[in-house]
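Source file: work00.cif (mmCIF, C-alpha atoms and all ligand atoms)
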data_structure
loop_
_atom_site.label_atom_id
_atom_site.label_comp_id
_atom_site.auth_asym_id
_atom_site.auth_seq_id
_atom_site.Cartn_x
_atom_site.Cartn_y
_atom_site.Cartn_z
CA MET A 9 52.26 16.78 -5.31
CA HIS A 10 49.15 15.16 -6.71
CA ARG A 11 46.00 15.81 -4.71
CA ALA A 12 42.94 13.62 -5.06
CA THR A 13 39.93 15.51 -6.39
CA PRO A 14 37.51 15.95 -3.47
CA THR A 15 34.28 14.00 -3.79
CA PRO A 16 31.33 16.37 -4.27
CA PRO A 17 29.52 16.67 -0.92
CA ALA A 18 26.32 15.08 -2.22
CA MET A 19 28.20 11.86 -2.95
CA ASN A 20 29.47 11.64 0.62
CA HIS A 21 25.97 11.35 2.00
CA PRO A 22 23.86 8.24 1.84
CA PRO A 23 20.38 8.93 0.41
CA ILE A 24 17.78 10.14 2.91
CA ARG A 25 15.52 7.19 3.67
CA SER A 26 11.95 7.37 4.95
CA TYR A 27 12.50 4.41 7.28
CA VAL A 28 14.80 3.03 9.91
CA LEU A 29 15.21 -0.72 9.75
CA ARG A 30 13.85 -2.07 13.02
CA GLN A 31 14.25 -5.69 13.85
CA GLY A 32 11.05 -6.12 15.86
CA ARG A 33 9.63 -9.47 16.84
CA PHE A 34 9.79 -12.04 14.05
CA SER A 35 7.45 -14.78 15.19
CA PRO A 36 8.15 -18.40 14.23
CA ALA A 37 4.96 -18.38 12.10
CA GLN A 38 6.09 -15.25 10.25
CA GLN A 39 9.56 -16.76 9.80
CA ARG A 40 8.09 -19.97 8.39
CA ALA A 41 5.82 -18.04 6.02
CA TYR A 42 8.76 -15.87 4.98
CA ASP A 43 11.00 -18.84 4.22
CA ALA A 44 8.32 -20.88 2.46
CA LEU A 45 6.48 -18.19 0.53
CA MET A 46 8.93 -15.44 -0.31
CA PRO A 47 10.28 -17.45 -3.30
CA ARG A 48 6.71 -17.71 -4.63
CA PHE A 49 5.16 -14.31 -3.84
CA GLY A 50 8.25 -12.11 -3.40
CA LEU A 51 9.67 -10.16 -6.30
CA PRO A 52 13.43 -9.64 -5.88
CA TYR A 53 14.59 -6.07 -6.28
CA ARG A 54 16.12 -5.35 -9.65
CA GLY A 55 17.23 -2.25 -11.50
CA GLY A 56 14.91 -2.64 -14.50
CA PRO A 57 11.16 -2.46 -15.16
CA LEU A 58 8.81 -5.37 -14.51
CA ASP A 59 6.18 -6.68 -16.90
CA TRP A 60 2.99 -6.91 -14.80
CA ALA A 61 1.32 -9.42 -17.13
CA GLU A 62 4.34 -11.68 -16.74
CA VAL A 63 4.46 -11.20 -12.95
CA PHE A 64 0.78 -12.06 -12.39
CA GLY A 65 0.17 -14.29 -15.39
CA ARG A 66 -2.74 -12.16 -16.52
CA ARG A 67 -3.64 -8.62 -17.58
CA ALA A 68 -5.44 -6.83 -14.74
CA PRO A 69 -5.28 -3.42 -13.11
CA VAL A 70 -2.25 -3.15 -10.81
CA VAL A 71 -2.25 -1.23 -7.52
CA VAL A 72 0.95 -0.58 -5.55
CA GLU A 73 0.92 -0.15 -1.79
CA ILE A 74 3.84 1.74 -0.24
CA GLY A 75 4.64 0.64 3.32
CA SER A 76 2.21 -2.24 3.81
CA GLY A 77 3.25 -2.77 7.46
CA MET A 78 1.92 -6.08 8.77
CA GLY A 79 -0.15 -6.56 5.60
CA ASP A 80 -3.56 -7.13 7.17
CA THR A 81 -5.12 -4.20 5.28
CA THR A 82 -3.37 -5.23 2.07
CA ALA A 83 -4.79 -8.75 2.36
CA GLU A 84 -8.28 -7.50 3.15
CA ILE A 85 -8.32 -5.18 0.13
CA ALA A 86 -6.88 -7.88 -2.16
CA ALA A 87 -9.44 -10.43 -0.98
CA ALA A 88 -12.26 -7.97 -1.67
CA ASN A 89 -10.96 -7.22 -5.19
CA PRO A 90 -9.91 -10.46 -6.89
CA GLY A 91 -9.95 -8.77 -10.30
CA THR A 92 -7.13 -6.39 -9.32
CA ASP A 93 -3.46 -7.24 -8.70
CA TYR A 94 -1.62 -5.73 -5.70
CA VAL A 95 2.08 -5.12 -5.15
CA ALA A 96 3.01 -4.44 -1.54
CA ILE A 97 6.33 -2.71 -0.89
CA GLU A 98 7.72 -3.02 2.62
CA VAL A 99 11.22 -3.05 4.12
CA HIS A 100 10.39 -4.53 7.53
CA THR A 101 11.04 -8.30 7.55
CA PRO A 102 8.43 -9.29 10.20
CA GLY A 103 5.86 -7.21 8.26
CA VAL A 104 6.70 -9.05 5.04
CA GLY A 105 6.43 -12.39 6.89
CA SER A 106 3.07 -11.34 8.29
CA LEU A 107 1.74 -10.38 4.85
CA LEU A 108 2.93 -13.70 3.41
CA LYS A 109 1.06 -15.48 6.18
CA TRP A 110 -2.11 -13.57 5.25
CA ILE A 111 -1.61 -14.47 1.58
CA GLU A 112 -1.48 -18.13 2.54
CA GLU A 113 -4.35 -18.02 5.02
CA ARG A 114 -6.64 -16.19 2.61
CA ALA A 115 -5.39 -18.16 -0.43
CA LEU A 116 -4.68 -14.93 -2.31
CA THR A 117 -3.24 -15.18 -5.81
CA ASN A 118 -3.34 -11.44 -6.60
CA VAL A 119 -0.64 -10.15 -4.22
CA ARG A 120 3.13 -9.87 -4.61
CA VAL A 121 5.60 -8.31 -2.22
CA ILE A 122 8.82 -6.42 -2.80
CA GLN A 123 11.10 -6.01 0.23
CA HIS A 124 13.03 -2.91 -0.71
CA ASP A 125 12.98 0.89 -0.50
CA ALA A 126 9.78 2.00 -2.23
CA VAL A 127 11.48 5.05 -3.73
CA GLU A 128 13.92 2.84 -5.65
CA VAL A 129 11.22 0.33 -6.55
CA LEU A 130 8.97 3.02 -8.00
CA ARG A 131 11.86 4.61 -9.84
CA ASN A 132 13.39 1.47 -11.31
CA MET A 133 10.92 -1.44 -11.30
CA VAL A 134 7.53 0.14 -11.98
CA PRO A 135 7.01 1.03 -15.65
CA PRO A 136 5.70 4.53 -16.44
CA ALA A 137 1.91 4.92 -16.76
CA SER A 138 1.35 1.31 -15.65
CA LEU A 139 -0.59 1.61 -12.37
CA ALA A 140 -4.31 1.77 -11.71
CA GLY A 141 -3.67 3.01 -8.18
CA ILE A 142 -1.19 3.78 -5.43
CA HIS A 143 -1.91 3.39 -1.70
CA ILE A 144 0.12 5.19 0.97
CA PHE A 145 -1.60 4.47 4.26
CA PHE A 146 -0.17 5.96 7.47
CA PRO A 147 3.41 6.46 6.29
CA ASP A 148 6.05 7.00 8.98
CA PRO A 149 5.16 10.49 10.28
CA TRP A 150 8.62 11.79 11.26
CA PRO A 151 6.94 14.34 13.54
CA LYS A 152 10.02 16.38 14.51
CA LYS A 153 10.59 19.34 12.22
CA ARG A 154 14.23 18.45 11.61
CA HIS A 155 13.06 15.01 10.40
CA HIS A 156 10.38 16.25 7.99
CA LYS A 157 12.81 15.70 5.11
CA ARG A 158 12.54 11.96 5.82
CA ARG A 159 8.81 11.91 5.09
CA ILE A 160 8.27 9.83 1.99
CA LEU A 161 5.86 12.19 0.28
CA GLN A 162 8.13 14.90 -1.11
CA PRO A 163 7.58 16.88 -4.35
CA ASP A 164 10.06 14.77 -6.38
CA PHE A 165 8.54 11.50 -5.21
CA ALA A 166 5.00 12.78 -5.88
CA ALA A 167 6.05 13.66 -9.45
CA LEU A 168 7.52 10.16 -9.85
CA LEU A 169 4.27 8.61 -8.54
CA ALA A 170 2.17 10.70 -10.92
CA GLY A 171 4.29 9.43 -13.82
CA ARG A 172 3.75 5.80 -12.77
CA LEU A 173 -0.05 6.13 -12.76
CA ALA A 174 -1.95 5.29 -15.91
CA PRO A 175 -4.37 7.99 -17.07
CA GLY A 176 -7.36 7.80 -14.72
CA GLY A 177 -5.29 6.03 -12.04
CA TYR A 178 -5.61 7.20 -8.43
CA LEU A 179 -3.34 7.99 -5.50
CA HIS A 180 -4.85 7.42 -2.06
CA PHE A 181 -2.94 8.84 0.92
CA ALA A 182 -3.99 8.69 4.57
CA THR A 183 -2.36 9.90 7.77
CA ASP A 184 -3.24 10.68 11.37
CA TRP A 185 -0.69 13.51 11.64
CA GLN A 186 -2.37 16.81 10.78
CA ASP A 187 0.74 18.65 9.66
CA TYR A 188 1.73 15.71 7.40
CA ALA A 189 -1.82 15.75 5.96
CA ASP A 190 -1.50 19.48 5.23
CA GLN A 191 1.95 18.96 3.70
CA ALA A 192 0.70 16.06 1.55
CA LEU A 193 -2.26 18.12 0.35
CA ALA A 194 0.05 20.97 -0.67
CA VAL A 195 2.53 18.63 -2.38
CA LEU A 196 -0.08 16.64 -4.30
CA ALA A 197 -2.05 19.74 -5.29
CA ALA A 198 1.15 21.15 -6.81
CA THR A 199 2.02 17.91 -8.67
CA LYS A 200 1.57 18.17 -12.42
CA GLY A 201 -0.98 15.72 -13.80
CA LEU A 202 -2.79 15.07 -10.50
CA ALA A 203 -6.28 16.39 -9.75
CA ASN A 204 -7.93 16.34 -6.33
CA CYS A 205 -11.09 14.23 -6.21
CA GLY A 206 -12.30 16.18 -3.20
CA ASP A 207 -12.39 19.70 -1.95
CA GLY A 208 -9.23 19.30 0.11
CA PHE A 209 -9.56 16.08 2.16
CA VAL A 210 -12.14 13.37 1.47
CA PRO A 211 -14.14 11.21 3.89
CA ARG A 212 -12.49 7.78 4.32
CA PRO A 213 -13.41 5.89 1.12
CA SER A 214 -15.16 2.60 1.93
CA THR A 215 -12.43 0.88 -0.11
CA ARG A 216 -9.92 1.55 2.70
CA PRO A 217 -10.36 -0.65 5.78
CA GLU A 218 -9.12 0.73 9.09
CA THR A 219 -5.40 -0.03 9.38
CA ARG A 220 -3.26 -1.07 12.34
CA PHE A 221 -1.45 2.28 12.51
CA GLU A 222 -4.70 4.13 12.07
CA ARG A 223 -6.05 2.41 15.21
CA ARG A 224 -2.90 3.40 17.06
CA GLY A 225 -3.43 7.03 15.99
CA LEU A 226 -7.10 7.00 16.91
CA ASN A 227 -6.21 5.67 20.38
CA LEU A 228 -3.89 8.66 20.76
CA GLY A 229 -6.81 10.97 19.92
CA HIS A 230 -5.50 11.86 16.43
CA ALA A 231 -7.87 12.78 13.60
CA VAL A 232 -7.44 10.86 10.35
CA SER A 233 -7.21 12.57 6.95
CA ASP A 234 -7.63 10.91 3.55
CA LEU A 235 -6.53 12.40 0.25
CA LEU A 236 -7.63 11.04 -3.12
CA PHE A 237 -6.05 12.33 -6.32
CA ILE A 238 -6.56 11.11 -9.84
CA HIS A 239 -4.16 11.17 -12.77
CA GLU A 240 -5.86 13.37 -15.29
CA ARG A 241 -6.39 11.99 -18.75
CA THR A 242 -4.71 14.23 -21.28
CA PRO A 243 -7.06 15.02 -24.20
C1 LIG B 1 3.69 3.60 10.12
S1 LIG B 1 3.81 2.11 9.23
C2 LIG B 1 2.17 1.92 8.51
C3 LIG B 1 1.88 0.52 8.06
C4 LIG B 1 0.49 0.29 7.47
N1 LIG B 1 0.32 0.99 6.21
C5 LIG B 1 -0.60 0.66 8.44
O1 LIG B 1 -1.30 1.65 8.21
O2 LIG B 1 -0.77 -0.06 9.43
C6 LIG B 1 4.77 2.60 7.83
C7 LIG B 1 5.46 1.45 7.13
O3 LIG B 1 6.12 1.92 5.97
C8 LIG B 1 7.34 1.21 5.84
N2 LIG B 1 8.22 2.08 5.03
C9 LIG B 1 8.63 3.33 5.33
N3 LIG B 1 9.38 3.83 4.35
C10 LIG B 1 9.46 2.85 3.40
C11 LIG B 1 10.13 2.78 2.15
N4 LIG B 1 10.83 3.80 1.67
N5 LIG B 1 10.01 1.65 1.44
C12 LIG B 1 9.28 0.60 1.90
N6 LIG B 1 8.63 0.62 3.09
C13 LIG B 1 8.72 1.74 3.82
C14 LIG B 1 7.82 1.01 7.26
O4 LIG B 1 8.70 -0.09 7.37
C15 LIG B 1 6.50 0.76 7.99
O5 LIG B 1 6.19 -0.61 8.06
#
Show the structure stored in the file as C-alpha cells.
Ligand SMILES: C[S@@+](CC[C@H](N)C(=O)[O-])C[C@H]1O[C@@H](n2cnc3c(N)ncnc32)[C@H](O)[C@@H]1O
Amino acid sequence: MHRATPTPPAMNHPPIRSYVLRQGRFSPAQQRAYDALMPRFGLPYRGGPLDWAEVFGRRAPVVVEIGSGMGDTTAEIAAANPGTDYVAIEVHTPGVGSLLKWIEERALTNVRVIQHDAVEVLRNMVPPASLAGIHIFFPDPWPKKRHHKRRILQPDFAALLAGRLAPGGYLHFATDWQDYADQALAVLAATKGLANCGDGFVPRPSTRPETRFERRGLNLGHAVSDLLFIHERTP
C-alpha cells in the first residue's frame, strides 16, 4: 500500500509572527484616508526588491520604520527631515489609516507605507545595503516567557537588518520593557557588522519624539531604554 510521505514538521507550522491582527476602532476619518490615499502612498507587498529612487522620484537617504502604530511619530520625524525618505511598515489597518491621515494633514511627500509583515518586507522588498536607518520603536513586548519567541528582534532578523543597512547606516531600537531591552542589547551586540554607539544603552536621541506606546509605558511606571547601533564601514 502506498503511504504519503509525511510533511516535515516545520512545514506544518505557520511562521511565528510578532503580531496578532487586531481589528480595533477604524474611525470614518481613518477609513476615508485609507481609501483615498493608500493607492497614492501605499506600496503593495511584492516578492521582489524595490528601487527607492523610483518609489520616491528622487535619490535621498531612506529610513524604514518597523511597526509605525498610529503613525504620529513617523509623521513628526518625516516633517522634521524633508531631505530623508521614510517607509513605514505596519500591519494594523486603523494604524495605516491614521498614518495616511497624518500624511495628508502635514502634506508630507517623503513617506510611504507598506501594510504587511515587516519580516517579509525586509527580506524580500528592501534591497541589501540600501537603508540609511531603521527605527523599531516600542515593538510588541510579548512579556510572557513562553511568548518571547514572538518578539520581532531575534538574532536572524537582526542579521537581516544589518545586511539591509548601508555602511554607516543606523538601527535605533526603543522599548519600555527592561528584559526586552536587555535581550535586544545582547542580540544587537552579537550581530556581525553592527557597532554600539553607546556604552550599552543611550539617552533618548533628540531625533526620536515621545511615542504613543512610550507614553503608555511611562504611565505604567516603566523605564524607557534606547539602543543605537551603526553599520560599520568595512575598510
Ligand atoms: C506596541 S505598537 C508600537 C507602535 C509605535 N511604534 C509606538 O511606539 O507608538 C507595535 C506595532 O508594531 C506592529 N507590528 C508588530 N509586528 C509587526 C510586523 N511583523 N510587521 C509589521 N508591523 C508589526 C503592531 O501592529 C503595532 O502597531
Contact table chain A vs ligand LIG 1 (chain B), cut-off 9 Å, shortest pair per residue, only C-alpha atoms and all ligand atoms, as a Markdown table:
| residue | atom | partner | partner_atom | distance |
| --- | --- | --- | --- | --- |
| A:Arg25 | CA | B:LIG1 | N4 | 6.1 |
| A:Ser26 | CA | B:LIG1 | N3 | 4.4 |
| A:Tyr27 | CA | B:LIG1 | N3 | 4.3 |
| A:Val28 | CA | B:LIG1 | O4 | 7.3 |
| A:Leu29 | CA | B:LIG1 | O4 | 7.0 |
| A:Arg30 | CA | B:LIG1 | O4 | 7.9 |
| A:Glu73 | CA | B:LIG1 | N1 | 8.1 |
| A:Ile74 | CA | B:LIG1 | N6 | 5.9 |
| A:Gly75 | CA | B:LIG1 | O3 | 3.3 |
| A:Ser76 | CA | B:LIG1 | N1 | 4.4 |
| A:Gly77 | CA | B:LIG1 | C3 | 3.6 |
| A:Met78 | CA | B:LIG1 | O2 | 6.6 |
| A:Gly79 | CA | B:LIG1 | C4 | 7.1 |
| A:Asp80 | CA | B:LIG1 | O2 | 7.9 |
| A:Thr81 | CA | B:LIG1 | O2 | 7.3 |
| A:Thr82 | CA | B:LIG1 | N1 | 8.3 |
| A:Ala96 | CA | B:LIG1 | C12 | 8.7 |
| A:Ile97 | CA | B:LIG1 | C12 | 5.2 |
| A:Glu98 | CA | B:LIG1 | N6 | 3.8 |
| A:Val99 | CA | B:LIG1 | N6 | 4.6 |
| A:His100 | CA | B:LIG1 | O4 | 4.8 |
| A:Thr101 | CA | B:LIG1 | O4 | 8.5 |
| A:Gly103 | CA | B:LIG1 | O5 | 6.6 |
| A:Val104 | CA | B:LIG1 | O5 | 9.0 |
| A:Ile122 | CA | B:LIG1 | C12 | 8.5 |
| A:Gln123 | CA | B:LIG1 | C12 | 7.1 |
| A:His124 | CA | B:LIG1 | C12 | 5.8 |
| A:Asp125 | CA | B:LIG1 | N5 | 3.6 |
| A:Ala126 | CA | B:LIG1 | N5 | 3.7 |
| A:Val127 | CA | B:LIG1 | N4 | 5.6 |
| A:Glu128 | CA | B:LIG1 | N4 | 8.0 |
| A:Val129 | CA | B:LIG1 | N5 | 8.2 |
| A:His143 | CA | B:LIG1 | N1 | 8.6 |
| A:Ile144 | CA | B:LIG1 | N1 | 6.7 |
| A:Phe145 | CA | B:LIG1 | N1 | 4.4 |
| A:Phe146 | CA | B:LIG1 | O1 | 4.5 |
| A:Pro147 | CA | B:LIG1 | C6 | 4.4 |
| A:Asp148 | CA | B:LIG1 | C1 | 4.3 |
| A:Pro149 | CA | B:LIG1 | C1 | 7.0 |
| A:Arg158 | CA | B:LIG1 | N3 | 8.8 |
| A:Arg159 | CA | B:LIG1 | N3 | 8.1 |
| A:Ile160 | CA | B:LIG1 | N3 | 6.5 |
| A:Ala182 | CA | B:LIG1 | O1 | 8.4 |
| A:Thr183 | CA | B:LIG1 | O1 | 8.3 |
| A:Glu218 | CA | B:LIG1 | O1 | 7.9 |
| A:Thr219 | CA | B:LIG1 | O1 | 4.6 |
| A:Arg220 | CA | B:LIG1 | O2 | 4.0 |
| A:Phe221 | CA | B:LIG1 | O2 | 3.9 |
| A:Glu222 | CA | B:LIG1 | O1 | 5.7 |
| A:Arg223 | CA | B:LIG1 | O2 | 8.2 |
| A:Arg224 | CA | B:LIG1 | O2 | 8.6 |
> Around (-5.5, 16.8, -8.4) in the file's own coordinates, what residues are found within 6 Å if you use all atoms listed in the file, given back as a ChimeraX atom specification?
Replying inline: /A:197,202-204,237-238
> Quick one: distance from atom CA of Ala137 of chain A to atom CA of Val71 of chain A in Å, one decimal?
Replying inline: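 Atom-to-atom, atom CA of Ala137 of chain A and atom CA of Val71 of chain A are spaced 11.9 Å apart.
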> Separation of atom CA of Pro69 of chain A and atom CA of Gly91 of chain A, in Å?
Replying inline: 7.6 Å
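Closest approach to Gly56 of chain A from the set A:Thr92, A:Asn118, A:Asn132, A:Gln38 is made by A:Asn132, with distances taken over all atoms listed in the file.
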> Which of these residues is nearest to Phe49 of chain A, using only C-alpha atoms: A:Val70, A:Leu107, A:Ala194, A:Ile24?
Replying inline: A:Leu107
> Counting only C-alpha atoms, what is within 12 Å of Asp190 of chain A, bar same-chain residues fewer than 2 positions away, as a PyMOL selection string?
Replying inline: chain A and resi 161+181-188+192-197+208-209+232-235
> Excluding same-chain residues fewer than 6 positions from Leu130 of chain A, what lies within 8 Å of it counting only C-alpha atoms, as a count of residues only?
Replying inline: 3
>> Could you check the closest approach to Lys157 of chain A for each of A:Ala88, A:Arg33, A:Leu236, A:Gln191 and tell me which residue wins, using only C-alpha atoms?
In response: A:Gln191
Find the residues around Leu108 of chain A up to 10 Å (only C-alpha atoms counted), leave out those fewer than 3 positions away in its own chain, and share them as an mmCIF file with C-alpha atoms, in the frame of the given file.
data_model
loop_
_atom_site.group_PDB
_atom_site.id
_atom_site.type_symbol
_atom_site.label_atom_id
_atom_site.label_comp_id
_atom_site.auth_asym_id
_atom_site.auth_seq_id
_atom_site.Cartn_x
_atom_site.Cartn_y
_atom_site.Cartn_z
ATOM 1 C CA GLN A 38 6.090 -15.250 10.250
ATOM 2 C CA GLN A 39 9.560 -16.760 9.800
ATOM 3 C CA ARG A 40 8.090 -19.970 8.390
ATOM 4 C CA ALA A 41 5.820 -18.040 6.020
ATOM 5 C CA TYR A 42 8.760 -15.870 4.980
ATOM 6 C CA ASP A 43 11.000 -18.840 4.220
ATOM 7 C CA ALA A 44 8.320 -20.880 2.460
ATOM 8 C CA LEU A 45 6.480 -18.190 0.530
ATOM 9 C CA MET A 46 8.930 -15.440 -0.310
ATOM 10 C CA ARG A 48 6.710 -17.710 -4.630
ATOM 11 C CA PHE A 49 5.160 -14.310 -3.840
ATOM 12 C CA GLY A 50 8.250 -12.110 -3.400
ATOM 13 C CA MET A 78 1.920 -6.080 8.770
ATOM 14 C CA GLY A 79 -0.150 -6.560 5.600
ATOM 15 C CA ASP A 80 -3.560 -7.130 7.170
ATOM 16 C CA ALA A 83 -4.790 -8.750 2.360
ATOM 17 C CA PRO A 102 8.430 -9.290 10.200
ATOM 18 C CA GLY A 103 5.860 -7.210 8.260
ATOM 19 C CA VAL A 104 6.700 -9.050 5.040
ATOM 20 C CA GLY A 105 6.430 -12.390 6.890
ATOM 21 C CA ILE A 111 -1.610 -14.470 1.580
ATOM 22 C CA GLU A 112 -1.480 -18.130 2.540
ATOM 23 C CA GLU A 113 -4.350 -18.020 5.020
ATOM 24 C CA ARG A 114 -6.640 -16.190 2.610
ATOM 25 C CA LEU A 116 -4.680 -14.930 -2.310
ATOM 26 C CA VAL A 119 -0.640 -10.150 -4.220
ATOM 27 C CA ARG A 120 3.130 -9.870 -4.610
ATOM 28 C CA VAL A 121 5.600 -8.310 -2.220
#
